[in-house]
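Have a look at upload-v8.cif; it's mmCIF, C-alpha atoms:
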data_work
loop_
_atom_site.label_atom_id
_atom_site.label_comp_id
_atom_site.auth_asym_id
_atom_site.auth_seq_id
_atom_site.Cartn_x
_atom_site.Cartn_y
_atom_site.Cartn_z
CA MET A 1 7.27 -13.13 -32.36
CA THR A 2 3.88 -11.80 -33.35
CA ASP A 3 2.05 -9.32 -31.16
CA HIS A 4 -1.50 -10.67 -30.73
CA ARG A 5 -2.12 -8.76 -27.52
CA ILE A 6 -5.15 -6.55 -27.10
CA GLY A 7 -4.09 -3.32 -25.46
CA PRO A 8 -5.96 -2.15 -22.39
CA PRO A 9 -8.72 0.40 -23.03
CA HIS A 10 -8.15 4.06 -22.33
CA PHE A 11 -11.47 4.34 -20.53
CA GLY A 12 -13.57 1.95 -18.49
CA SER A 13 -14.64 1.05 -15.00
CA GLU A 14 -12.00 0.26 -12.42
CA ARG A 15 -12.73 -3.44 -12.72
CA GLU A 16 -12.63 -3.42 -16.53
CA MET A 17 -9.29 -1.62 -16.42
CA LEU A 18 -7.77 -3.98 -13.85
CA ARG A 19 -8.98 -7.02 -15.77
CA ALA A 20 -7.66 -5.64 -19.08
CA PHE A 21 -4.22 -4.73 -17.70
CA LEU A 22 -3.87 -8.13 -16.03
CA ASP A 23 -4.83 -9.95 -19.25
CA TYR A 24 -2.46 -7.72 -21.23
CA HIS A 25 0.43 -8.71 -18.99
CA ARG A 26 -0.53 -12.38 -19.16
CA ALA A 27 -0.52 -12.12 -22.96
CA THR A 28 2.88 -10.40 -22.85
CA LEU A 29 4.46 -13.32 -20.99
CA ALA A 30 2.98 -15.79 -23.48
CA MET A 31 4.20 -13.66 -26.39
CA LYS A 32 7.75 -13.60 -25.02
CA CYS A 33 7.76 -17.42 -25.12
CA GLU A 34 6.18 -17.72 -28.57
CA GLY A 35 8.01 -19.81 -31.15
CA LEU A 36 10.57 -21.27 -28.76
CA GLY A 37 11.17 -24.95 -28.06
CA ASP A 38 11.63 -26.55 -24.65
CA GLU A 39 15.41 -26.19 -24.65
CA GLU A 40 15.25 -22.49 -25.55
CA LEU A 41 12.55 -21.88 -22.95
CA ARG A 42 14.78 -23.54 -20.32
CA SER A 43 17.78 -21.39 -21.27
CA ARG A 44 19.06 -19.74 -18.09
CA SER A 45 19.97 -16.11 -17.66
CA MET A 46 23.34 -16.43 -15.96
CA PRO A 47 24.89 -18.64 -13.28
CA PRO A 48 24.02 -19.27 -10.52
CA SER A 49 20.47 -18.12 -11.36
CA THR A 50 17.98 -20.72 -12.55
CA LEU A 51 15.84 -17.98 -14.10
CA SER A 52 14.45 -18.90 -17.52
CA LEU A 53 11.35 -18.11 -19.56
CA LEU A 54 9.88 -21.48 -18.60
CA GLY A 55 10.73 -20.78 -14.96
CA LEU A 56 8.84 -17.49 -15.18
CA VAL A 57 5.77 -19.26 -16.58
CA ARG A 58 5.95 -21.81 -13.77
CA HIS A 59 6.41 -19.06 -11.18
CA MET A 60 3.42 -17.12 -12.48
CA ALA A 61 1.30 -20.28 -12.28
CA GLU A 62 2.21 -20.40 -8.58
CA VAL A 63 1.46 -16.70 -8.14
CA GLU A 64 -1.96 -17.01 -9.82
CA ARG A 65 -2.78 -20.12 -7.76
CA THR A 66 -1.64 -18.59 -4.48
CA TRP A 67 -3.28 -15.19 -4.74
CA PHE A 68 -6.60 -16.14 -6.28
CA ARG A 69 -7.23 -19.65 -4.94
CA ARG A 70 -5.22 -19.94 -1.71
CA VAL A 71 -5.47 -16.32 -0.49
CA PHE A 72 -8.71 -14.92 -1.94
CA GLU A 73 -10.81 -18.11 -1.89
CA ASP A 74 -8.98 -19.69 1.08
CA GLN A 75 -8.65 -23.03 -0.73
CA ASP A 76 -6.50 -25.53 1.12
CA ILE A 77 -4.54 -26.70 -1.93
CA PRO A 78 -0.81 -27.30 -2.29
CA MET A 79 1.47 -25.25 -4.44
CA VAL A 80 2.13 -26.67 -7.89
CA TRP A 81 5.90 -27.29 -7.68
CA SER A 82 6.63 -27.17 -3.96
CA ASP A 83 5.53 -29.21 -0.96
CA LYS A 84 6.05 -26.14 1.18
CA ILE A 85 5.47 -22.48 0.37
CA ASP A 86 8.56 -21.97 -1.78
CA PHE A 87 8.04 -19.71 -4.78
CA GLN A 88 11.68 -20.19 -5.79
CA ALA A 89 11.12 -23.89 -6.56
CA ALA A 90 9.11 -23.01 -9.68
CA TYR A 91 12.06 -21.14 -11.20
CA ASP A 92 14.04 -24.35 -11.63
CA ALA A 93 12.56 -25.52 -14.92
CA SER A 94 15.52 -27.75 -15.82
CA GLY A 95 13.25 -30.81 -16.09
CA SER A 96 10.18 -28.97 -17.33
CA THR A 97 8.54 -28.75 -20.73
CA ARG A 98 6.39 -26.15 -22.45
CA ALA A 99 3.40 -28.49 -22.16
CA GLU A 100 3.85 -28.95 -18.41
CA ALA A 101 4.50 -25.30 -17.54
CA PHE A 102 1.95 -23.75 -19.88
CA GLY A 103 -0.65 -26.38 -18.99
CA ALA A 104 -0.38 -25.46 -15.31
CA TRP A 105 -0.20 -21.71 -15.97
CA GLU A 106 -3.16 -21.65 -18.35
CA ALA A 107 -5.26 -23.71 -15.93
CA GLU A 108 -4.45 -21.31 -13.07
CA VAL A 109 -5.23 -18.27 -15.23
CA GLU A 110 -8.64 -19.75 -16.01
CA HIS A 111 -9.29 -20.37 -12.30
CA SER A 112 -8.26 -16.78 -11.57
CA ARG A 113 -10.51 -15.37 -14.27
CA ARG A 114 -13.47 -17.39 -12.97
CA ILE A 115 -12.86 -16.29 -9.39
CA GLU A 116 -12.62 -12.64 -10.39
CA ARG A 117 -15.75 -12.78 -12.59
CA GLU A 118 -17.80 -14.46 -9.87
CA ALA A 119 -16.78 -12.03 -7.12
CA GLU A 120 -19.47 -9.42 -6.52
CA SER A 121 -17.05 -6.67 -5.59
CA LEU A 122 -13.40 -5.69 -5.67
CA ASP A 123 -13.83 -4.96 -1.95
CA LEU A 124 -14.36 -8.63 -1.05
CA ALA A 125 -11.45 -9.92 0.99
CA GLY A 126 -9.33 -12.98 1.40
CA HIS A 127 -6.62 -13.64 3.95
CA GLN A 128 -2.89 -13.56 3.22
CA PRO A 129 -1.46 -15.86 5.93
CA ARG A 130 2.16 -14.84 5.27
CA TRP A 131 1.25 -11.26 6.18
CA GLY A 132 -1.39 -12.16 8.77
CA GLU A 133 -3.73 -9.67 7.07
CA ASP A 134 -6.85 -9.58 4.95
CA VAL A 135 -6.52 -8.31 1.38
CA SER A 136 -9.17 -7.15 -1.09
CA LEU A 137 -9.72 -8.59 -4.55
CA ARG A 138 -8.60 -5.17 -5.82
CA MET A 139 -5.26 -5.62 -4.06
CA VAL A 140 -4.94 -9.17 -5.40
CA MET A 141 -5.44 -7.96 -8.96
CA LEU A 142 -3.01 -5.06 -8.52
CA HIS A 143 -0.44 -7.41 -7.00
CA LEU A 144 -0.73 -9.74 -9.99
CA ILE A 145 -0.30 -6.82 -12.40
CA HIS A 146 2.80 -5.81 -10.45
CA GLU A 147 4.19 -9.38 -10.54
CA TYR A 148 3.63 -9.75 -14.27
CA ALA A 149 5.06 -6.32 -15.07
CA ARG A 150 8.21 -7.06 -13.07
CA HIS A 151 8.69 -10.51 -14.54
CA ASN A 152 7.86 -9.42 -18.08
CA GLY A 153 10.91 -7.17 -17.79
CA HIS A 154 12.92 -10.28 -16.98
CA ALA A 155 11.26 -12.04 -19.93
CA ASP A 156 12.42 -9.24 -22.26
CA LEU A 157 16.03 -9.85 -21.30
CA LEU A 158 15.71 -13.63 -21.33
CA ARG A 159 14.17 -13.66 -24.80
CA GLU A 160 16.87 -11.35 -26.16
CA GLY A 161 19.48 -13.72 -24.71
CA VAL A 162 17.88 -16.75 -26.40
CA ASP A 163 17.54 -15.47 -29.96
CA GLY A 164 18.13 -11.72 -30.05
CA THR A 165 14.42 -10.87 -30.28
CA VAL A 166 13.63 -7.52 -28.71
CA GLY A 167 10.59 -5.30 -28.59
CA ALA A 168 7.06 -5.52 -27.27
#

As structure tokens, please, write out the structure in this file.
Amino acid sequence: MTDHRIGPPHFGSEREMLRAFLDYHRATLAMKCEGLGDEELRSRSMPPSTLSLLGLVRHMAEVERTWFRRVFEDQDIPMVWSDKIDFQAAYDASGSTRAEAFGAWEAEVEHSRRIEREAESLDLAGHQPRWGEDVSLRMVMLHLIHEYARHNGHADLLREGVDGTVGA
């Protein structure tokens, strides 16, 4: 596992810092999956959990899609792996491949980056229907950083369980 991540800057505007931390966490998830084949990426943590590295990638594709496209831009698009709003469905990667999961995740990350770049302000709002409340782009970006940070902790443990690799 090679660390190709670019660390967030120590100084910058709020937006530059949010963007950098979000990209850093995206790169961390990709790094945790580096060098593993489909079977290793599907390796589950412990029964009955379906949690795997590939499941985390699939889940984060759903998170990116939901928060940037469905919530912030109010796009009426389905989830990637669920006919209803079920974030748990993405975790079951038993029939998934690296190409499928990473293809979806990378596409959603690019959509998210475009949406963020094109937004004039972090104060612009979208609507989170599950909460019945409006949320700012700032909150969306912070929520994504939170999601990645939490799941990258899971990725640390999953990767160690697959091949003993620990560290950044």

From CA of Leu56 (chain A) to CA of Leu29 (chain A) the spacing works out at 8.4 Å

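When all atoms listed in the file are used to compute distances to Glu34 (chain A), the closest of the residues A:Phe87, A:Val135, A:Glu106, A:Thr2 turns out to be A:Thr2.
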
Hey, can you check how far CA of Glu100 (chain A) sits from CA of Ile115 (chain A)?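 So the answer is 22.8 Å.
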
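Separating CA of Ser94 (chain A) from CA of Gly55 (chain A) is a distance of 8.5 Å.
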
For Gly153 (chain A), which residue among A:Pro129, A:Pro47, A:Met141, A:Val166 is the nearest when counting only C-alpha atoms?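 When distances to Gly153 (chain A) are compared using only C-alpha atoms, the smallest one comes from A:Val166.
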
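Once the PyMOL selection byres ((chain A and resi 140) around 9) is applied to this file, the selection holds A:Trp67, A:Phe68, A:Val71, A:Phe72, A:Gly126, A:Val135, A:Ser136, A:Leu137, A:Arg138, A:Met139, A:Met141, A:Leu142, A:His143, A:Leu144, A:Ile145.
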
So that I have them on file, write out the residues from the current selection with C-alpha atoms, as an mmCIF file, in the coordinates of the input.
data_model
loop_
_atom_site.group_PDB
_atom_site.id
_atom_site.type_symbol
_atom_site.label_atom_id
_atom_site.label_comp_id
_atom_site.auth_asym_id
_atom_site.auth_seq_id
_atom_site.Cartn_x
_atom_site.Cartn_y
_atom_site.Cartn_z
ATOM 1 C CA TRP A 67 -3.280 -15.190 -4.740
ATOM 2 C CA PHE A 68 -6.600 -16.140 -6.280
ATOM 3 C CA VAL A 71 -5.470 -16.320 -0.490
ATOM 4 C CA PHE A 72 -8.710 -14.920 -1.940
ATOM 5 C CA GLY A 126 -9.330 -12.980 1.400
ATOM 6 C CA VAL A 135 -6.520 -8.310 1.380
ATOM 7 C CA SER A 136 -9.170 -7.150 -1.090
ATOM 8 C CA LEU A 137 -9.720 -8.590 -4.550
ATOM 9 C CA ARG A 138 -8.600 -5.170 -5.820
ATOM 10 C CA MET A 139 -5.260 -5.620 -4.060
ATOM 11 C CA MET A 141 -5.440 -7.960 -8.960
ATOM 12 C CA LEU A 142 -3.010 -5.060 -8.520
ATOM 13 C CA HIS A 143 -0.440 -7.410 -7.000
ATOM 14 C CA LEU A 144 -0.730 -9.740 -9.990
ATOM 15 C CA ILE A 145 -0.300 -6.820 -12.400
#

Could you give me, as a list in words, the residues within 7 Å of Ala61 (chain A), counting all atoms listed in the file and dropping anything in the same chain fewer than 5 positions from it? Ala104, Trp105 and Glu108 of chain A

Residues of the last selection are to be written out with C-alpha atoms, as a PDB file, keeping the file's coordinate frame.
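And here's again.pdb as it stands now:
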ATOM      1  CA  ALA A 104      -0.380 -25.460 -15.310  1.00  0.00           C
ATOM      2  CA  TRP A 105      -0.200 -21.710 -15.970  1.00  0.00           C
ATOM      3  CA  GLU A 108      -4.450 -21.310 -13.070  1.00  0.00           C
TER       4      GLU A 108
END

Which of A:Arg114, A:Arg26, A:Arg69, A:Arg58 sits closest to Arg5 (chain A) [using only C-alpha atoms]: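 Result for the nearest residue to Arg5 (chain A): A:Arg26.
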
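Minimum distance to Asp74 (chain A) across A:Arg19, A:His59, A:His127, A:His154 (counting all atoms listed in the file) occurs at A:His127.
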
A:Gly164, A:Gly12, A:Gly7, A:Pro48: which is nearest Thr28 (chain A), counting all atoms listed in the file? A:Gly7

Apply the PyMOL selection byres ((chain A and resi 40) around 9) to the displayed file and report the matching residues as JSON, numbers by chain. {"A": [36, 37, 38, 39, 41, 42, 43, 44, 52, 53, 54, 159, 162, 163]}

Kindly indicate which residue among A:Ser45, A:Asp92, A:Leu158, A:Glu73 lies nearest to Asp134 (chain A), using only C-alpha atoms for the distances. A:Glu73

Taking all atoms of region 115-131 of chain A that appear in the file, build a box with edges along x, y and z, extend it by 4 Å on every side, and state its centre and edge lengths in Å to one decimal, as AutoDock Vina command-line options.
--center_x -8.7 --center_y -10.6 --center_z -3.2 --size_x 29.6 --size_y 19.3 --size_z 26.8
